[in-house]
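Novice: Sharing a structure below in structure tokens format, with a few things to ask.
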Amino acid sequence: MAHEQSIEAAPRPNATDEAALAEKLGSRICHDLANPLMAISNGIELLELAGFGTRPEEDMLVQTVKEARARLDILRLAFGAGMDDSAQVAGRTVSQALLLMYRDRRLTPVWYPVSVPRARAKLALLLMMCADNGLPRGGTLDIRDTGGRITLSAAQATPRDIAPLWALLCGKPGAAVPTARDLHFALAAETARALGMAIKVDVGNQNLSISAA
């Protein structure tokens with residue numbers, strides 16, 4: 001006689017569980033991409049020793065690989081799961097990666113923190129990506145962490161109207177449902193909540209300010 005089996009649906013994960021799962025997925029993707037990208041980078045470095053990179057098309061390939069490595073480092077920090085969120089992240093490392101990642105782009109992020117805990121660096125980078133969405137014409141974005149407050153500010157800029165996404169970031173009613181392109185708004189909001197911080201966005205005609213405290 002066959003034994004009957006009863007299968008119950010697992011409880012639906014809450015927002016924190018979903019954010020943690022998204023972080024683990026981000027870490028897995030970055031990990032799988034890191035090895036082949038590193039192999040390509042090492043190969044190009046060997047070619048450079050032989051004179052590769054002197055022609056324009058060769059230089060473009062070299063710069064593209066460097067930019068890809070920098071982008072992967074930033075994405076891993078912003079979207080990945082950290083082993084120790086209290087570990088310090090060197091500001092110089094982040095600054096150099098941002099310089100390569102945003103090379104030849106309209107937005108120029110200027111990273112001021114000398115050293116910051118990984119969890120706060122993660123939040124700052126997610127907020128930077130949100131600011132990037134809100135500044136289609138670019139500008140200079142100052143990123144600071146005073147220990148009590150994270151601030152991102154852009155003056156002499158022209159923000160676009162993305163009120164539903166700002167509402168999502170700040171956890172207010174009328175928030176947008178995030179798409180794949182807007183995922184960083186939702187993840188930044190959840191990261192801030194996990195740190196016990198509230199996000200505030202001020203949008204003017206020629207300025208944008210985002211703070212978390």
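Chain identifiers are assigned as A, B, and so on, following the order in which chains appear in the structure tokens; residues are numbered from 1 within each chain, and ligands are numbered from 1 in order of appearance.
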Could you give me, as a tab-separated table, every stretch 86-153 of chain A residue with an atom at most 9 Å from stretch 67-73 of chain A, plus its closest atom pair and distance in Å to one decimal, counting only C-alpha atoms, rows ordered by chain then number?

Specialist:
residue	atom	partner	partner_atom	distance
A:Val94	CA	A:Asp73	CA	8.5
A:Gln96	CA	A:Ala70	CA	8.1
A:Ala97	CA	A:Ala70	CA	4.6
A:Leu98	CA	A:Ala70	CA	7.0
A:Leu99	CA	A:Ala70	CA	8.6
A:Leu100	CA	A:Glu67	CA	5.2
A:Met101	CA	A:Glu67	CA	5.2
A:Tyr102	CA	A:Glu67	CA	8.2
A:Arg103	CA	A:Glu67	CA	7.8

Novice: Quick one: everything within 12 Å of stretch 20-25 of chain A, counting only C-alpha atoms, minus sequence neighbours fewer than 5 positions away in the same chain. Send it as an MDAnalysis selection string.

Specialist: chainID A and resid 13:15 30:32 75:83 122 180 183:184 186:188 190:191 194

Novice: Limited to N, CA, C and O atoms, could you put the picked residues into a file as a compact mmCIF listing (two decimals), in the first residue's frame?

Specialist:
# COMPACT_ATOMS: atom_id res chain seq x y z
N PRO A 13 9.26 34.14 1.52
CA PRO A 13 10.34 34.87 2.17
C PRO A 13 9.99 36.34 2.32
O PRO A 13 9.29 36.92 1.50
N ASN A 14 10.48 36.95 3.41
CA ASN A 14 10.25 38.38 3.58
C ASN A 14 11.28 39.17 2.78
O ASN A 14 12.15 38.61 2.11
N ALA A 15 11.18 40.51 2.84
CA ALA A 15 12.05 41.35 2.02
C ALA A 15 13.52 41.14 2.33
O ALA A 15 14.37 41.13 1.44
N CYS A 30 29.19 37.21 -10.22
CA CYS A 30 30.48 37.89 -10.25
C CYS A 30 31.63 36.90 -10.13
O CYS A 30 32.66 37.03 -10.80
N HIS A 31 31.46 35.88 -9.28
CA HIS A 31 32.50 34.88 -9.11
C HIS A 31 32.74 34.11 -10.40
O HIS A 31 33.88 33.86 -10.80
N ASP A 32 31.65 33.75 -11.08
CA ASP A 32 31.78 32.98 -12.32
C ASP A 32 32.40 33.80 -13.44
O ASP A 32 33.04 33.25 -14.35
N LEU A 75 30.46 46.11 -9.03
CA LEU A 75 29.22 45.34 -8.98
C LEU A 75 29.27 44.27 -7.89
O LEU A 75 28.27 44.01 -7.21
N ARG A 76 30.42 43.66 -7.71
CA ARG A 76 30.56 42.64 -6.66
C ARG A 76 30.37 43.27 -5.29
O ARG A 76 29.72 42.70 -4.41
N LEU A 77 30.93 44.47 -5.10
CA LEU A 77 30.80 45.15 -3.81
C LEU A 77 29.37 45.64 -3.59
O LEU A 77 28.83 45.55 -2.48
N ALA A 78 28.72 46.12 -4.66
CA ALA A 78 27.37 46.68 -4.53
C ALA A 78 26.29 45.61 -4.44
O ALA A 78 25.33 45.76 -3.68
N PHE A 79 26.42 44.54 -5.20
CA PHE A 79 25.35 43.55 -5.30
C PHE A 79 25.68 42.21 -4.65
O PHE A 79 24.79 41.37 -4.50
N GLY A 80 26.93 41.99 -4.29
CA GLY A 80 27.33 40.70 -3.74
C GLY A 80 27.12 40.60 -2.24
O GLY A 80 26.88 41.58 -1.54
N ALA A 81 27.22 39.38 -1.75
CA ALA A 81 27.11 39.11 -0.31
C ALA A 81 28.51 39.10 0.29
O ALA A 81 29.41 38.45 -0.24
N GLY A 82 28.69 39.84 1.36
CA GLY A 82 30.01 39.93 1.98
C GLY A 82 30.17 38.92 3.10
O GLY A 82 29.23 38.62 3.83
N MET A 83 31.38 38.40 3.25
CA MET A 83 31.67 37.49 4.35
C MET A 83 31.65 38.25 5.68
O MET A 83 31.25 37.74 6.71
N LYS A 122 28.86 49.45 0.36
CA LYS A 122 27.82 48.84 -0.48
C LYS A 122 26.66 49.81 -0.66
O LYS A 122 26.19 50.05 -1.79
N ALA A 180 14.33 45.14 -13.73
CA ALA A 180 15.73 44.73 -13.65
C ALA A 180 16.67 45.94 -13.70
O ALA A 180 17.70 45.97 -13.03
N LEU A 183 16.70 47.72 -10.10
CA LEU A 183 16.84 46.86 -8.93
C LEU A 183 17.63 47.52 -7.81
O LEU A 183 17.37 47.30 -6.63
N HIS A 184 18.61 48.36 -8.18
CA HIS A 184 19.46 48.98 -7.15
C HIS A 184 18.68 49.91 -6.24
O HIS A 184 19.07 50.12 -5.09
N ALA A 186 15.62 49.32 -5.01
CA ALA A 186 15.03 48.44 -3.99
C ALA A 186 16.11 47.87 -3.07
O ALA A 186 15.92 47.80 -1.84
N LEU A 187 17.24 47.48 -3.64
CA LEU A 187 18.30 46.90 -2.83
C LEU A 187 18.94 47.94 -1.92
O LEU A 187 19.30 47.64 -0.77
N ALA A 188 19.07 49.18 -2.40
CA ALA A 188 19.60 50.26 -1.56
C ALA A 188 18.68 50.52 -0.38
O ALA A 188 19.13 50.71 0.76
N GLU A 190 16.62 48.40 1.05
CA GLU A 190 16.70 47.28 1.99
C GLU A 190 18.03 47.31 2.74
O GLU A 190 18.09 47.01 3.94
N THR A 191 19.12 47.67 2.06
CA THR A 191 20.43 47.76 2.71
C THR A 191 20.42 48.83 3.79
O THR A 191 20.97 48.64 4.88
N ALA A 194 18.56 47.59 6.81
CA ALA A 194 19.36 46.63 7.56
C ALA A 194 20.42 47.35 8.42
O ALA A 194 20.81 46.84 9.47

Novice: Mind checking which residues fall within 12 Å of stretch 146-150 of chain A, counting only C-alpha atoms, ignoring those fewer than 4 positions away in the same chain, and posting them as a PyMOL selection string?

Specialist: chain A and resi 111-117+119-128+142+192+195-201+209-213

Novice: Which of stretch 57-192 of chain A end up as helix (DSSP H, G or I) when DSSP is run on this backbone - answer as a count of residues only?

Specialist: 72

Novice: Enter the distance from atom CA of A:Val203 to atom CA of A:Arg118, in Å, rounded to one decimal.

Specialist: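 That distance, rounded to one decimal, is 27.5 Å.
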
Novice: Tell me which of A:Thr158, A:Asn42, A:Gln88, A:Asn207 sits closest to A:Lys66, counting only C-alpha atoms.

Specialist: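 Between A:Thr158, A:Asn42, A:Gln88, A:Asn207, the residue approaching A:Lys66 most closely is A:Asn42.
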
Novice: When you count only C-alpha atoms, which of these residues is closest to A:Leu107: A:Arg92, A:Met129, A:Ile74, A:Thr140?

Specialist: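 Between A:Arg92, A:Met129, A:Ile74, A:Thr140, the residue approaching A:Leu107 most closely is A:Thr140.
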
Novice: Set the distance at 10 Å and use only C-alpha atoms: which residues neighbour A:Val62 once local chain neighbours fewer than 3 positions away are removed? I'd like the list as a list in words.

Specialist: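 With the cut-off at 10 Å, the set is Ile40, Ser41, Ile44, Glu45, Leu47, Glu48, Phe52, Gly53, Pro56, Glu57, Glu58, Asp59, Val65, Lys66 and Glu67 of chain A.
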